[in-house]
Structures are given as C-alpha cells and as structure tokens.
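Student: If you scroll down you'll find the structure; I have some questions about it.
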Amino acid sequence: MERLSDRNGAILRAVVEGYVTTARPVSSGIVAGEGIVGLSSATVRNVMRALEERGLILQPHTSAGRVPTDRGYRYYVDHLMSPQPLSTDERCRIAERIAGLAGHEPGAMASRVSKMVSELTKELAVTVAPSAGGTIEHLTLLPLEDGGVLGVLTASGGLSRSAVLAAGLRVSAGDVVRAQVALRDWLRGTALADAERIVSARLAARASALGVAAAALAAEARRLFTLDDAVQVRYEGARYMFRHPEFHDHVSALGRVIDSEGALAEVVRVPAEPGDVVVTIGHENRGRGLQRMSVVVGSYRLGGAVGRVGVIGPTRMRYPRLVGLIRHFSEALDRAFAPRSS
C-alpha cells in the first residue's frame, strides 16, 4: 500500500487509538478538538473522506464518526505504532516467574505462561509448548523397593519426565545397569524427537547382547520419550473476551475459537522466528469465528523445537501494548529454554 502523508497518518492514528479506547466511532470534531494534529475540524473531515476512499476507515452510520477497517488496523500496526516497552517492575516480575518454570513439564509450563500473559493483558492468552523439544541431557534408571524401575529423563531447556517402568517385569540390578548404560550411550546428545526411533533401531540390532530383561527394560524406557501433544496447549482468560462490547451478541463465535485446544493451537500456528511477533487482523485470520478478532503471536525455542505464545482479542485491541508484551515474553522464554551451546 502506498504510504500516507504524515498528516493523513496522524489522523488515521487518532481514529484507531480513539476507537480502541472508547469503542465508539471517532468524529472529526473529536480529532480536531484534542489538538493532536493541529488542524481544523473541516480539514480533518476532508482527510477522513480520503482515508475512507482508501478503505482505511468507514462510517458505520450516517452522521456517525469513523471506525478503522481491518485494512486501517493493518496500516496502523505496520507503519504508525511502536511496541510499548514494559516497565522495569513488569520485566523483573516476568523474569522471576519464568526462572521458576525450569524443570516443569511442557504442559505445566504452558499453563503458567498463559496465566501470566492473561493477567498482564486482560485478554485470552494461548501458549503452545512443543512436546518434542529438547536434547536429552541425562537419563537415569532406579530400581524401586516394591518392584519396577523409575525412569528419569532431563532434556535441554529444563524439560523433565519420569515414569515407573517395568512394573510387570522381573529385572535384576544388573539388568537395570545394562539398560541404563546402553540407553545413555545410544541417546547422548540426541534430540528428544528422535529418541524413540533410535532406541527401536538399536534394540533391533543389539537386543540379544543386552539380554532379554535389559532389552525389555530399554524398550519400556521409550515411554519417557513420548509426550502427549494434546496437553501442551493451554489457554487462560476466556472470561476477558466477554467484556468487549463487540462480542456481546457473538457468543457463538467465541465458543468456536475456544472449542478445543487443538483449534487454539491452529490459531497461533503462524510462521515466525523466535523473537519475532506476528499480528493477524480480522479477515486475515482463516479460522471460523475469527473475522472480528486479531491474534498477536510470538515464537520461542523449547529445546530443539519451537513454541508459541500469543493473545486473541477484538480487532479493536491495544496493539502497542500487546505487541510489546508478547515480544518480551517470546524473547524471555527463548533465553530460558533454548538449547545451550556447549
């Protein structure tokens, strides 16, 4: 789109920010009266007509002021706004709480992040933590006094997983040691996503050398490498959506958005590099029920995979605040959970 003049851009900014604040159409008199652009009401009115002709604003009713279109919001996000930096206090509190997430499984981590983001934005927050992320750092097999073996796995980015293995198998201390040595040898430095395939291939070639019980225990250990994707999507703050006047008569649209965790994961699954923030507005969203909404999404690395953190709200949202906050969260999570160089 051809760039607006400074004067026209200032008036479009005033319309967008006025409408975001009040949820009411913004008139030329309001823009001129606030002294933001230093122009008369008649001049502002002429500029508004020009902006309307370009599809950036519209007049919902005769004699009413103007409201931004999806195209107007897009121009505002791309050319007129700057992400709002967080306060020092907010940064410190976020850093402290993210530091406390080390060692949590992805689902628990996603829940806590969504709650943090929702509390700060007062919008619907969604976090996707990939289950296949991370590089295996340590794997331990511990015999239990009442039978069975406890398997404990840790991976880069603070991911951890434990499970009781071989509950129905008769394994000796020697079997446990042989299985653990083999697994550590096979999986040292391996991506969690590749672990099950590698163990299966090595067992096919070396099961007889391990012995029946140790091989069976190694096969059981594959349970540690498989996490359920469905539990890695978490959302918080759906109640905030209903405070927006544009959704009072569109409850069904909100229901379709939060119908399932899988549907939410699709909403925030946008191509973005860690640290980047992507904004999709209104009809740019392909999902059902999203034409009245905007989505602000950031990406971060969780071990060797990529996760998402974002907010969903009305197109009439506080873009500078939300873009700044999601960018900060994606960068903070990336620093906390990205693979560490050796």
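Residues are referred to by chain and number: the chain letter is A, B, ... according to the order shown in the structure tokens, the number counts from 1 in that chain, and ligands are numbered separately from 1 in the order shown.
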If we count only C-alpha atoms and set the cut-off at 10 Å, which residues sit around Ala204 of chain A, ignoring sequence neighbours fewer than 5 positions away in its own chain? Please answer as a list in words.
Tutor: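 In the requested format, the answer is Ile198, Val199 and Ala215 of chain A.
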Student: Just want the 10 Å neighbourhood of Arg239 of chain A, counted on only C-alpha atoms, with same-chain residues fewer than 3 positions away dropped. Output as a list in words.
Tutor: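 Here the qualifying residues turn out to be Lys122, Glu123, Leu124, Glu236, Phe242 and Arg243 of chain A.
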Student: Just how far from atom CA of Leu144 of chain A is atom CA of Arg206 of chain A, in Å to one decimal?
Tutor: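 About the pair atom CA of Arg206 of chain A and atom CA of Leu144 of chain A: they are 25.9 Å apart.
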Student: Considering only helix (DSSP H, G or I) as DSSP defines it on the backbone, what residues of segment 88-213 of chain A qualify? List them as a PyMOL selection string.
Tutor: chain A and resi 88-99+106-121+156-158+173-187+192-210+212-213
Student: If we count only C-alpha atoms, what is near Tyr300 of chain A at a cut-off of 7 Å, once residues fewer than 2 positions away on the same chain are taken out, given as a list in words?
Tutor: Pro274, Gly275, Gly298, Leu302, Val306, Gly307, Arg308, Ser330, Glu331, Leu333 and Asp334 of chain A
Student: Output C-alpha atoms for every residue in that selection, as a PDB file, in the first residue's frame.
Tutor:
ATOM      1  CA  PRO A 274      11.923 -16.838  17.797  1.00  0.00           C
ATOM      2  CA  GLY A 275      11.747 -13.240  18.985  1.00  0.00           C
ATOM      3  CA  GLY A 298       5.400 -14.691  19.301  1.00  0.00           C
ATOM      4  CA  LEU A 302      11.846 -25.032  23.696  1.00  0.00           C
ATOM      5  CA  VAL A 306       9.514 -24.056  18.502  1.00  0.00           C
ATOM      6  CA  GLY A 307       6.673 -22.995  20.788  1.00  0.00           C
ATOM      7  CA  ARG A 308       4.159 -20.168  20.539  1.00  0.00           C
ATOM      8  CA  SER A 330       8.862 -14.731  23.461  1.00  0.00           C
ATOM      9  CA  GLU A 331      12.388 -13.386  23.960  1.00  0.00           C
ATOM     10  CA  LEU A 333      11.158 -17.780  27.071  1.00  0.00           C
ATOM     11  CA  ASP A 334      13.672 -18.207  24.274  1.00  0.00           C
TER      12      ASP A 334
END
